[in-house]
Each structure stands twice: as C-alpha cells, then as structure tokens.
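Q: If it helps, the file is called upload_4.txt and holds compact mmCIF, C-alpha atoms and all ligand atoms:
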# COMPACT_ATOMS: atom_id res chain seq x y z
CA MET P 1 0.22 -11.05 17.41
CA PRO P 2 2.33 -8.67 19.50
CA ASN P 3 1.65 -4.98 19.23
CA THR P 4 5.09 -4.16 20.55
CA PHE P 5 6.53 -3.42 17.08
CA SER P 6 6.31 0.28 16.30
CA HIS P 7 5.96 2.32 13.12
CA VAL P 8 7.31 5.83 12.53
CA PRO P 9 4.80 7.81 10.42
CA VAL P 10 6.15 9.24 7.16
CA MET P 11 5.80 13.00 6.45
CA PRO P 12 3.27 13.55 9.31
CA ALA P 13 3.38 17.36 9.15
CA GLU P 14 2.94 17.36 5.37
CA VAL P 15 -0.01 14.95 5.63
CA LEU P 16 -1.74 17.11 8.22
CA GLU P 17 -1.21 20.25 6.16
CA ALA P 18 -2.51 18.49 3.03
CA LEU P 19 -5.67 17.21 4.72
CA GLN P 20 -6.49 20.67 6.09
CA VAL P 21 -8.27 19.12 9.05
CA HIS P 22 -11.07 21.25 10.43
CA PRO P 23 -12.60 20.46 13.83
CA ASP P 24 -16.05 19.36 12.61
CA GLY P 25 -14.86 17.47 9.53
CA VAL P 26 -15.16 13.78 8.67
CA TYR P 27 -11.89 12.08 7.70
CA LEU P 28 -10.97 8.56 6.67
CA ASP P 29 -7.57 6.95 7.27
CA GLY P 30 -7.70 3.82 5.09
CA THR P 31 -4.33 2.46 6.29
CA PHE P 32 -4.31 2.79 10.09
CA GLY P 33 -1.08 0.78 10.61
CA ARG P 34 -0.03 1.76 14.11
CA GLY P 35 -1.97 5.04 14.11
CA GLY P 36 0.83 7.58 13.71
CA HIS P 37 -1.11 9.75 11.25
CA ALA P 38 -4.51 9.00 12.79
CA ARG P 39 -3.33 10.32 16.16
CA GLU P 40 -2.34 13.64 14.57
CA VAL P 41 -5.67 14.01 12.77
CA LEU P 42 -7.57 13.21 15.96
CA ALA P 43 -5.68 15.91 17.85
CA LYS P 44 -7.12 18.48 15.43
CA LEU P 45 -10.74 17.25 15.61
CA GLY P 46 -13.35 18.77 17.92
CA ALA P 47 -16.16 16.88 19.68
CA ASN P 48 -18.30 16.87 16.50
CA GLY P 49 -15.55 15.69 14.14
CA ARG P 50 -15.30 12.08 12.96
CA LEU P 51 -12.33 9.87 12.13
CA LEU P 52 -13.05 6.64 10.25
CA LEU P 53 -10.25 4.05 10.47
CA MET P 54 -9.66 1.05 8.23
CA ASP P 55 -6.90 -1.52 7.81
CA ARG P 56 -6.93 -4.96 6.27
CA ASP P 57 -4.47 -6.25 8.89
CA PRO P 58 -6.24 -7.59 12.01
CA SER P 59 -3.26 -6.66 14.24
CA ALA P 60 -3.50 -3.03 13.10
CA ILE P 61 -7.23 -3.04 13.89
CA ALA P 62 -6.57 -4.55 17.33
CA GLN P 63 -4.21 -1.64 17.95
CA ALA P 64 -6.82 0.85 16.72
CA ARG P 65 -9.38 -0.56 19.14
CA ASP P 66 -6.87 -0.46 22.02
CA LEU P 67 -5.92 3.14 21.33
CA PHE P 68 -9.17 4.73 20.15
CA GLY P 69 -11.99 2.21 20.72
CA THR P 70 -13.58 4.36 23.43
CA ASP P 71 -13.24 7.69 21.60
CA ALA P 72 -16.76 8.74 20.52
CA ARG P 73 -15.36 10.52 17.45
CA VAL P 74 -13.77 7.35 16.03
CA ARG P 75 -15.25 4.50 13.95
CA ILE P 76 -13.15 1.41 13.18
CA ARG P 77 -13.56 -1.22 10.46
CA HIS P 78 -11.43 -4.24 9.59
CA ALA P 79 -11.49 -4.20 5.78
CA SER P 80 -9.55 -3.20 2.70
CA PHE P 81 -9.94 0.45 1.78
CA ALA P 82 -11.23 -0.94 -1.53
CA GLU P 83 -14.50 -1.35 0.40
CA LEU P 84 -14.64 2.17 1.78
CA ALA P 85 -17.66 3.26 -0.26
CA ASP P 86 -19.61 0.22 1.06
CA TRP P 87 -19.12 1.32 4.67
CA PRO P 88 -22.32 3.15 5.70
CA GLU P 89 -20.24 5.52 7.91
CA THR P 90 -18.80 7.08 4.71
CA ALA P 91 -22.24 7.80 3.21
CA GLN P 92 -22.43 11.20 4.93
CA GLY P 93 -19.51 12.36 2.74
CA LEU P 94 -15.83 12.82 3.60
CA ASP P 95 -13.74 15.98 3.98
CA GLY P 96 -10.52 14.04 3.54
CA VAL P 97 -9.26 10.57 2.63
CA PHE P 98 -5.73 9.41 3.42
CA PHE P 99 -3.90 6.27 2.22
CA ASP P 100 -0.35 5.49 3.41
CA LEU P 101 0.33 2.56 1.11
CA GLY P 102 2.52 -0.48 1.49
CA MET P 103 3.50 -2.17 4.69
CA SER P 104 3.94 -1.06 8.27
CA SER P 105 7.20 -1.65 10.10
CA PRO P 106 5.53 -4.26 12.38
CA GLN P 107 4.54 -6.26 9.28
CA ILE P 108 8.07 -6.15 7.87
CA ASP P 109 9.81 -6.74 11.19
CA ASP P 110 7.76 -9.75 12.35
CA PRO P 111 9.23 -12.85 10.61
CA ALA P 112 5.98 -14.73 11.25
CA ARG P 113 4.23 -12.55 8.65
CA GLY P 114 6.50 -13.86 5.90
CA PHE P 115 7.28 -10.54 4.17
CA SER P 116 11.02 -10.48 4.82
CA PHE P 117 13.83 -12.37 3.16
CA GLN P 118 16.19 -11.19 5.88
CA ALA P 119 14.64 -13.27 8.65
CA ASP P 120 13.21 -16.74 8.09
CA GLY P 121 9.47 -17.28 8.46
CA PRO P 122 6.51 -18.94 6.76
CA LEU P 123 6.09 -17.80 3.15
CA ASP P 124 2.81 -15.97 3.76
CA MET P 125 2.85 -12.23 2.82
CA ARG P 126 -0.88 -11.63 3.34
CA MET P 127 -1.73 -8.35 5.02
CA ASP P 128 -4.93 -10.07 6.14
CA PRO P 129 -3.85 -13.62 7.02
CA GLY P 130 -7.54 -14.56 7.25
CA SER P 131 -8.32 -14.08 3.57
CA GLY P 132 -7.01 -15.24 0.21
CA SER P 133 -4.02 -17.48 -0.53
CA SER P 134 -0.56 -17.16 1.00
CA ALA P 135 2.47 -16.72 -1.25
CA ALA P 136 3.42 -20.36 -0.58
CA GLU P 137 -0.03 -21.61 -1.64
CA TRP P 138 0.01 -19.52 -4.80
CA LEU P 139 3.55 -20.57 -5.76
CA ALA P 140 2.67 -24.24 -5.19
CA ALA P 141 -0.04 -24.22 -7.85
CA ALA P 142 0.39 -21.31 -10.29
CA PRO P 143 1.47 -22.01 -13.90
CA GLU P 144 5.10 -21.13 -14.62
CA ALA P 145 4.07 -18.41 -17.09
CA ALA P 146 1.82 -16.77 -14.49
CA ILE P 147 4.67 -16.69 -11.94
CA ALA P 148 7.01 -15.15 -14.53
CA ASP P 149 4.35 -12.57 -15.44
CA VAL P 150 3.87 -11.50 -11.81
CA LEU P 151 7.64 -11.17 -11.24
CA TRP P 152 7.98 -9.13 -14.42
CA ARG P 153 4.98 -6.84 -13.93
CA TYR P 154 5.13 -6.19 -10.19
CA GLY P 155 8.84 -6.66 -9.53
CA GLU P 156 10.19 -5.35 -12.85
CA GLU P 157 12.44 -8.43 -12.59
CA ARG P 158 14.31 -8.91 -15.89
CA LEU P 159 15.15 -12.53 -15.05
CA SER P 160 11.54 -13.40 -14.23
CA ARG P 161 11.37 -16.42 -16.55
CA ARG P 162 14.53 -17.96 -15.11
CA ILE P 163 13.26 -17.53 -11.54
CA ALA P 164 9.79 -18.92 -12.39
CA LYS P 165 11.40 -21.99 -13.98
CA ALA P 166 13.54 -22.57 -10.88
CA ILE P 167 10.48 -22.26 -8.61
CA VAL P 168 8.53 -24.80 -10.66
CA GLY P 169 11.55 -27.14 -10.74
CA GLN P 170 11.96 -26.88 -6.95
CA ARG P 171 8.27 -27.43 -6.14
CA ALA P 172 8.25 -30.69 -8.11
CA GLU P 173 10.56 -32.05 -5.40
CA ARG P 174 9.23 -30.15 -2.38
CA PRO P 175 6.99 -27.05 -2.21
CA LEU P 176 8.58 -23.82 -0.99
CA ARG P 177 7.43 -23.13 2.55
CA SER P 178 9.69 -20.47 4.02
CA THR P 179 11.00 -17.02 3.10
CA ALA P 180 14.60 -18.22 3.54
CA GLU P 181 14.03 -21.09 1.07
CA LEU P 182 12.66 -18.73 -1.57
CA ALA P 183 15.39 -16.12 -0.99
CA ALA P 184 18.12 -18.78 -1.30
CA LEU P 185 16.53 -20.26 -4.45
CA VAL P 186 16.42 -16.84 -6.15
CA ALA P 187 20.02 -16.06 -5.09
CA ARG P 188 21.21 -19.43 -6.48
CA THR P 189 19.30 -18.89 -9.72
CA ILE P 190 20.31 -15.33 -10.63
CA GLY P 191 23.31 -14.59 -8.41
CA TYR P 192 24.22 -11.33 -6.70
CA ARG P 193 23.99 -8.72 -9.51
CA GLU P 194 23.33 -5.44 -7.70
CA ARG P 195 25.44 -4.03 -4.89
CA HIS P 196 23.52 -3.38 -1.66
CA LYS P 197 20.46 -5.25 -2.98
CA HIS P 198 19.54 -8.85 -2.21
CA PRO P 199 18.74 -10.72 -5.45
CA ALA P 200 15.30 -11.68 -4.07
CA THR P 201 14.21 -8.07 -3.43
CA ARG P 202 12.21 -7.74 -6.66
CA THR P 203 10.73 -11.23 -6.34
CA PHE P 204 9.47 -10.53 -2.81
CA GLN P 205 8.01 -7.15 -3.83
CA ALA P 206 6.22 -8.75 -6.78
CA LEU P 207 4.74 -11.60 -4.75
CA ARG P 208 3.57 -9.25 -2.01
CA ILE P 209 1.82 -6.98 -4.52
CA HIS P 210 0.19 -9.97 -6.20
CA VAL P 211 -0.86 -11.86 -3.05
CA ASN P 212 -2.57 -8.73 -1.69
CA ASP P 213 -3.85 -7.48 -5.07
CA GLU P 214 -2.37 -4.16 -4.02
CA LEU P 215 -2.82 -2.30 -7.31
CA GLY P 216 -6.37 -3.56 -7.81
CA ALA P 217 -7.28 -2.51 -4.25
CA LEU P 218 -5.68 0.88 -4.84
CA GLU P 219 -7.70 1.55 -8.01
CA THR P 220 -10.96 0.54 -6.34
CA GLY P 221 -10.08 2.48 -3.18
CA LEU P 222 -9.35 5.65 -5.18
CA GLN P 223 -12.70 5.34 -6.94
CA GLY P 224 -14.42 4.85 -3.59
CA ALA P 225 -12.62 7.89 -2.18
CA LEU P 226 -13.69 10.05 -5.11
CA ALA P 227 -17.30 8.85 -4.77
CA ARG P 228 -17.38 9.72 -1.07
CA LEU P 229 -15.34 12.95 -0.96
CA LYS P 230 -17.36 16.14 -0.62
CA PRO P 231 -16.63 18.92 -3.12
CA GLY P 232 -13.46 20.61 -1.85
CA GLY P 233 -12.48 17.43 0.05
CA ARG P 234 -8.85 16.34 0.00
CA LEU P 235 -7.30 13.11 -1.27
CA VAL P 236 -3.84 12.49 0.20
CA VAL P 237 -1.80 9.41 -0.77
CA ILE P 238 1.73 8.30 0.11
CA SER P 239 3.18 5.70 -2.30
CA PHE P 240 6.40 3.75 -1.90
CA HIS P 241 7.14 2.53 -5.41
CA SER P 242 6.63 3.70 -8.95
CA LEU P 243 3.87 1.19 -9.81
CA GLU P 244 1.67 2.58 -7.04
CA ASP P 245 2.56 6.18 -7.71
CA ARG P 246 1.68 5.77 -11.40
CA VAL P 247 -1.81 4.52 -10.49
CA VAL P 248 -2.33 7.49 -8.13
CA LYS P 249 -0.97 10.05 -10.61
CA ARG P 250 -3.17 8.78 -13.46
CA PHE P 251 -6.22 8.65 -11.25
CA ILE P 252 -5.74 12.25 -10.14
CA ARG P 253 -5.27 13.35 -13.75
CA GLY P 254 -8.38 11.46 -14.83
CA GLN P 255 -6.30 9.33 -17.22
CA ASP P 256 -7.60 6.03 -15.94
CA VAL P 257 -10.84 6.65 -17.86
CA GLN P 258 -8.91 7.00 -21.13
CA PRO P 259 -8.38 4.02 -23.48
CA ALA P 260 -5.08 2.20 -22.75
CA SER P 261 -3.60 3.48 -26.05
CA ARG P 262 -3.89 7.10 -24.84
CA ARG P 263 -2.89 6.60 -21.21
CA ASN P 264 0.35 8.60 -21.45
CA LEU P 265 -1.14 11.38 -23.56
CA PRO P 266 -3.33 14.31 -22.53
CA PRO P 267 -7.03 13.36 -22.47
CA LEU P 268 -8.85 13.84 -25.81
CA ASP P 269 -12.24 15.55 -25.64
CA ALA P 270 -12.62 14.13 -22.16
CA PRO P 271 -14.21 16.11 -19.36
CA PRO P 272 -11.63 17.58 -16.93
CA SER P 273 -10.60 15.30 -14.10
CA PRO P 274 -12.98 15.54 -11.13
CA LEU P 275 -9.84 16.06 -9.03
CA ALA P 276 -7.46 19.02 -9.09
CA ALA P 277 -3.83 18.03 -8.45
CA LEU P 278 -2.47 20.32 -5.72
CA ASP P 279 0.91 19.05 -4.62
CA LYS P 280 3.61 16.39 -4.82
CA ARG P 281 6.07 16.14 -1.93
CA PHE P 282 9.07 14.05 -0.89
CA PRO P 283 10.54 13.57 2.59
CA GLY P 284 13.20 16.11 3.56
CA ASP P 285 16.82 15.28 4.43
CA ALA P 286 16.23 15.37 8.18
CA GLU P 287 13.40 12.83 7.94
CA LEU P 288 15.41 10.58 5.63
CA ALA P 289 18.31 10.63 8.09
CA SER P 290 16.11 9.57 11.00
CA ASN P 291 13.71 7.22 9.18
CA PRO P 292 15.31 5.21 6.33
CA ARG P 293 11.91 3.62 5.53
CA ALA P 294 10.74 7.02 4.25
CA ARG P 295 13.31 6.72 1.44
CA SER P 296 11.08 6.04 -1.53
CA ALA P 297 7.97 7.88 -0.31
CA VAL P 298 6.02 10.22 -2.60
CA LEU P 299 3.06 12.21 -1.24
CA ARG P 300 0.36 13.38 -3.68
CA VAL P 301 -2.45 15.75 -2.79
CA ALA P 302 -5.60 16.45 -4.79
CA GLU P 303 -8.90 18.23 -4.17
CA LYS P 304 -12.32 17.20 -5.42
CA ARG P 305 -13.69 19.89 -7.71
CA SER P 306 -17.05 21.49 -6.91
C1 LIG C 401 2.63 2.18 5.83
S1 LIG C 401 1.47 1.40 6.88
C2 LIG C 401 0.50 2.71 7.52
C3 LIG C 401 1.14 3.37 8.71
C4 LIG C 401 0.28 4.39 9.41
N1 LIG C 401 0.00 5.55 8.58
C5 LIG C 401 0.94 4.83 10.70
O1 LIG C 401 1.36 5.98 10.81
O2 LIG C 401 1.06 4.00 11.62
C6 LIG C 401 0.40 0.65 5.73
C7 LIG C 401 -0.80 -0.07 6.37
O3 LIG C 401 -1.77 -0.15 5.33
C8 LIG C 401 -2.41 -1.38 5.42
N2 LIG C 401 -2.95 -1.64 4.08
C9 LIG C 401 -2.28 -1.84 2.93
N3 LIG C 401 -3.14 -1.99 1.92
C10 LIG C 401 -4.39 -1.85 2.45
C11 LIG C 401 -5.71 -1.88 1.91
N4 LIG C 401 -5.93 -2.12 0.61
N5 LIG C 401 -6.74 -1.66 2.73
C12 LIG C 401 -6.55 -1.42 4.06
N6 LIG C 401 -5.33 -1.42 4.62
C13 LIG C 401 -4.26 -1.62 3.83
C14 LIG C 401 -1.36 -2.34 5.89
O4 LIG C 401 -1.95 -3.46 6.51
C15 LIG C 401 -0.57 -1.46 6.86
O5 LIG C 401 -1.04 -1.62 8.16
Have the structure of the file written as structure tokens, please.
A:
Amino acid sequence: MPNTFSHVPVMPAEVLEALQVHPDGVYLDGTFGRGGHAREVLAKLGANGRLLLMDRDPSAIAQARDLFGTDARVRIRHASFAELADWPETAQGLDGVFFDLGMSSPQIDDPARGFSFQADGPLDMRMDPGSGSSAAEWLAAAPEAAIADVLWRYGEERLSRRIAKAIVGQRAERPLRSTAELAALVARTIGYRERHKHPATRTFQALRIHVNDELGALETGLQGALARLKPGGRLVVISFHSLEDRVVKRFIRGQDVQPASRRNLPPLDAPPSPLAALDKRFPGDAELASNPRARSAVLRVAEKRS
C-alpha cells in the first residue's frame, strides 16, 4: 500500500485550541490517518508528555510507525478506537481524546480500497481490509430487505427498496465485484436526479458506514473516551455527516442514556451529563476554498466534569 497519498488535516488550529495541549499531558488521537493533527499535538508536548495513536487502517499505522515509531513519547496501536479503553496505555487516564471521523484522502483516492465510484476498483470499502466482510461479500448474501434498510438508514436514500431489488436481481446472474459495476447499476436503476451528485453517492455512503459499523464504533469509542478521560479532560470530535454528528451531540448531552422515546427531549430526572458541551465550530471560508474535503465538517468540543 503506497503511503504517497496525502491528507490535509481539517481545522488543525481549532483542534489544537480545543485540546488545550499541555506539555506533560496524555492525549489520544483515535484516527491517525496521515498524522496531520498528531504532528501538531506532538509539537506541543514536552519530554514527559504522551501521545497515543490508533487507526483501524493498517496503512495509516504503517505511516505512524514510519513517522513517529522512534519517538519515546508516542505509543501506536492498530485497532478501532472502539477498543481504546481496553488498551492498557489509556489506563493512566487521558487529558484529551480526538476523533477525526470518516475517511482519509488516501483511502478515498486509492481505487484499490473500493470506496470510490469515480474510479473503478474492487468493491471492498473496509477501513481494515484484514477484518470483517467486504461490501461485495455482504451484498452477495444479504437479504433484500436488509440491503434496503442499510441504504435507507445510513444513506437516507429514498429509493432504497428499488436499488436493493436491482442488486438482488443482478447478483442472481453475476455477483457485483467492482465499484464501477455498482455505480452503473444504481445509475441505471434510479437515474440522475440531483445536479452535481452522482446517483450512487448515498448508496456508497450507506455501504461504507455499514461495512465498517461506523456508528456502532463511534458510540463505543465515545463511551471508552469518557471512561478514560480525567476530570477536566477534553473530548474533541470532527464529524462529516449528520448521522455521525447526531451521535456525538447526543452523547455529549447525555441523551444516549435516555429511553428512545425521549431522545429528542430534555432529560427527565436524569443526572446531568458527565460532559459539559463547550463549543461547536465549522471550517472558515479560507479553509473551505483551499480544502474542499472540509466542506461538511463539524467540530464539537466537550469537557469531562469533575
Ligand atoms: C479523516 S481521517 C483522519 C485524518 C487525520 N486526522 C490526519 O490529519 O491525517 C480518518 C481516519 O480514521 C480512521 N478511522 C475511521 N474510523 C475508525 C475507528 N473506528 N477506529 C480507528 N480508526 C478509524 C480511518 O481509517 C482514517 O485513517
């Protein structure tokens, strides 16, 4: 896997300000990617500070080892951030936890990873190609109703049933193997309805979220972060779509512990959230002009109460 693809970090100054890095602190970057944010945190740490790095993508971890493997302040682990509380290095408590969700530019830009409908590649979509089922494997066996449900829930695709039916019809003749095949099938099935948006955009988003259990990992990772943060420690999360941001917002407000029927209402007789919401930021115009992938980013900052 080449490490030549690069990734421009989103809102780096805002992330650094939000984490309030102090030289002797212990920080965890759960989504190392290509290390744009990690590098900035490291520059603020003294000799006694610690930076714990995780990513579920082996190519990101290879990059982390190349860049920081010999730095005595750094610890590196190839795992989902859902497992952060199981990592003994976090047991000492954390002054800050950072998640920069979604995909890195190298993942999107490398057709071999199978995330893109713009360049043909194997229909994979796993952030960790060594674990779980690829999108092709899942689509080859899943019931039609389950495919429609995933497209509806994670892609907010109104024509989910029609697309699921077409996928099941196609696989009876020959299983879908490539991103171009799936993109063409969706385009044939629902046509070009939105200007400037490929008809398969929602389908690809939905499959990616499902294949990587992104929302499940996020919920578990947030719980792990809360368990390991020290009082006064900072939680900083960048989301790239509303499904993720909703999970983060509810978690910070403590609403995830409410029954589903009350999820959009203020908590009833519940203890206050263990986190205090501090800030919500969006990229500025200058950043958006130079980095179009920052477009849908939302940064949320919270602090663990004492
Ligand atoms: C937007 S990129 C991070 C970019 C990074 N902040 C930088 O500046 O280079 C997202 C990264 O998070 C990783 N990732 C996504 N979900 C993850 C999870 N549950 N656990 C660990 N890593 C995850 C992806 O593999 C990807 O490398």
Q: Expressed in Å to a single decimal, how great is the separation between atom CA of P:Glu14 and atom CA of P:Ser116?
A: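 About the pair atom CA of P:Glu14 and atom CA of P:Ser116: they are 29.0 Å apart.
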Q: Could you give me the residues within 8 Å of ligand LIG 401 (chain C), counting all atoms listed in the file, as a compact mmCIF listing (two decimals) with C-alpha atoms, in the frame of the given file?
A:
# COMPACT_ATOMS: atom_id res chain seq x y z
CA SER P 6 6.31 0.28 16.30
CA HIS P 7 5.96 2.32 13.12
CA VAL P 8 7.31 5.83 12.53
CA PRO P 9 4.80 7.81 10.42
CA VAL P 10 6.15 9.24 7.16
CA PRO P 12 3.27 13.55 9.31
CA ASP P 29 -7.57 6.95 7.27
CA GLY P 30 -7.70 3.82 5.09
CA THR P 31 -4.33 2.46 6.29
CA PHE P 32 -4.31 2.79 10.09
CA GLY P 33 -1.08 0.78 10.61
CA ARG P 34 -0.03 1.76 14.11
CA GLY P 35 -1.97 5.04 14.11
CA GLY P 36 0.83 7.58 13.71
CA HIS P 37 -1.11 9.75 11.25
CA ALA P 38 -4.51 9.00 12.79
CA MET P 54 -9.66 1.05 8.23
CA ASP P 55 -6.90 -1.52 7.81
CA ARG P 56 -6.93 -4.96 6.27
CA ASP P 57 -4.47 -6.25 8.89
CA ALA P 60 -3.50 -3.03 13.10
CA HIS P 78 -11.43 -4.24 9.59
CA ALA P 79 -11.49 -4.20 5.78
CA SER P 80 -9.55 -3.20 2.70
CA PHE P 81 -9.94 0.45 1.78
CA ALA P 82 -11.23 -0.94 -1.53
CA PHE P 99 -3.90 6.27 2.22
CA ASP P 100 -0.35 5.49 3.41
CA LEU P 101 0.33 2.56 1.11
CA GLY P 102 2.52 -0.48 1.49
CA MET P 103 3.50 -2.17 4.69
CA SER P 104 3.94 -1.06 8.27
CA SER P 105 7.20 -1.65 10.10
CA GLN P 107 4.54 -6.26 9.28
CA MET P 127 -1.73 -8.35 5.02
CA ASP P 128 -4.93 -10.07 6.14
CA ASN P 212 -2.57 -8.73 -1.69
CA GLU P 214 -2.37 -4.16 -4.02
CA ALA P 217 -7.28 -2.51 -4.25
CA LEU P 218 -5.68 0.88 -4.84
CA GLY P 221 -10.08 2.48 -3.18
Q: What is the distance, in Å and to one decimal place, between atom CA of P:Gly224 and atom CA of P:Arg208?
A: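 So the two atoms, atom CA of P:Gly224 and atom CA of P:Arg208, lie 22.9 Å apart.
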Q: May I ask for the distance between atom CA of P:Glu303 and atom CA of P:Arg73, given in Å to one decimal place?
A: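 These atoms are spaced 23.8 Å apart.
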Q: Of the residues P:Ser273, P:Gln20, P:Ser160, P:Ser178, which is the one nearest to P:Ala148, using only C-alpha atoms?
A: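 Nearest to P:Ala148: P:Ser160.
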Q: Measuring between only C-alpha atoms, which one of P:Leu222, P:Arg161, P:Met11, P:Val74 shows the shortest distance to P:Ala297?
A: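 Selected residue with least distance to P:Ala297: P:Met11.
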Q: Which is closer to P:Gln170 than all the others in P:Ala289, P:Ser296, P:Glu157, P:Val186, using all atoms listed in the file?
A: P:Val186
Q: For P:Arg177, find every residue with an atom within 12 Å (counting only C-alpha atoms), except residues of its own chain fewer than 4 positions away, and show them as a list in words.
A: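 In the requested format, the answer is Gly114, Asp120, Gly121, Pro122, Leu123, Asp124, Met125, Ser134, Ala135, Ala136, Glu137, Trp138, Leu139, Ala140, Ile167, Gln170, Arg171, Glu181, Leu182, Ala183 and Leu185 of chain P.
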Q: Can I get the selection written as an mmCIF file, in the coordinates of the input, with C-alpha atoms?
A:
data_model
loop_
_atom_site.group_PDB
_atom_site.id
_atom_site.type_symbol
_atom_site.label_atom_id
_atom_site.label_comp_id
_atom_site.auth_asym_id
_atom_site.auth_seq_id
_atom_site.Cartn_x
_atom_site.Cartn_y
_atom_site.Cartn_z
ATOM 1 C CA GLY P 114 6.500 -13.860 5.900
ATOM 2 C CA ASP P 120 13.210 -16.740 8.090
ATOM 3 C CA GLY P 121 9.470 -17.280 8.460
ATOM 4 C CA PRO P 122 6.510 -18.940 6.760
ATOM 5 C CA LEU P 123 6.090 -17.800 3.150
ATOM 6 C CA ASP P 124 2.810 -15.970 3.760
ATOM 7 C CA MET P 125 2.850 -12.230 2.820
ATOM 8 C CA SER P 134 -0.560 -17.160 1.000
ATOM 9 C CA ALA P 135 2.470 -16.720 -1.250
ATOM 10 C CA ALA P 136 3.420 -20.360 -0.580
ATOM 11 C CA GLU P 137 -0.030 -21.610 -1.640
ATOM 12 C CA TRP P 138 0.010 -19.520 -4.800
ATOM 13 C CA LEU P 139 3.550 -20.570 -5.760
ATOM 14 C CA ALA P 140 2.670 -24.240 -5.190
ATOM 15 C CA ILE P 167 10.480 -22.260 -8.610
ATOM 16 C CA GLN P 170 11.960 -26.880 -6.950
ATOM 17 C CA ARG P 171 8.270 -27.430 -6.140
ATOM 18 C CA GLU P 181 14.030 -21.090 1.070
ATOM 19 C CA LEU P 182 12.660 -18.730 -1.570
ATOM 20 C CA ALA P 183 15.390 -16.120 -0.990
ATOM 21 C CA LEU P 185 16.530 -20.260 -4.450
#
Q: List every residue of stretch 123-203 of chain P that has an atom at most 10 Å from any atom of stretch 236-259 of chain P, giving for each one its closest atom pair and the distance in Å to one decimal, counting all atoms listed in the file, sorted by chain and then by ascending residue number, as JSON lines.
A:
{"residue": "P:Arg153", "atom": "CA", "partner": "P:Leu243", "partner_atom": "CA", "distance": 9.1}
{"residue": "P:Tyr154", "atom": "CA", "partner": "P:Leu243", "partner_atom": "CA", "distance": 7.5}
{"residue": "P:Gly155", "atom": "CA", "partner": "P:Leu243", "partner_atom": "CA", "distance": 9.3}
{"residue": "P:Glu156", "atom": "CA", "partner": "P:Leu243", "partner_atom": "CA", "distance": 9.6}
Q: Name the closest residue to P:Ala166 among the candidates P:Ile209, P:Leu19, P:Ala47, P:Ile190; distances are taken between atoms, counting all atoms listed in the file.
A: P:Ile190
Q: Smallest atom-to-atom distance to P:Val21: which of P:Ile76, P:Leu94, P:Leu159, P:Ala286, using only C-alpha atoms?
A: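 Closest to P:Val21, using only C-alpha atoms: P:Leu94.
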Q: (-14.8, 15.5, -13.5) in this file's frame - what residues fall within 10 Å of it? Use only C-alpha atoms and give the answer as a PDB file with C-alpha atoms, in the coordinates of the input.
A:
ATOM      1  CA  ARG P 253      -5.270  13.350 -13.750  1.00  0.00           C
ATOM      2  CA  GLY P 254      -8.380  11.460 -14.830  1.00  0.00           C
ATOM      3  CA  ALA P 270     -12.620  14.130 -22.160  1.00  0.00           C
ATOM      4  CA  PRO P 271     -14.210  16.110 -19.360  1.00  0.00           C
ATOM      5  CA  PRO P 272     -11.630  17.580 -16.930  1.00  0.00           C
ATOM      6  CA  SER P 273     -10.600  15.300 -14.100  1.00  0.00           C
ATOM      7  CA  PRO P 274     -12.980  15.540 -11.130  1.00  0.00           C
ATOM      8  CA  LEU P 275      -9.840  16.060  -9.030  1.00  0.00           C
ATOM      9  CA  ALA P 276      -7.460  19.020  -9.090  1.00  0.00           C
ATOM     10  CA  LYS P 304     -12.320  17.200  -5.420  1.00  0.00           C
ATOM     11  CA  ARG P 305     -13.690  19.890  -7.710  1.00  0.00           C
ATOM     12  CA  SER P 306     -17.050  21.490  -6.910  1.00  0.00           C
TER      13      SER P 306
END
Q: Which one is closest to P:Ala184: P:Leu51, P:Ala200, P:Leu16, P:Ala85? Count only C-alpha atoms.
A: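 The answer is P:Ala200, which sits nearest to P:Ala184.
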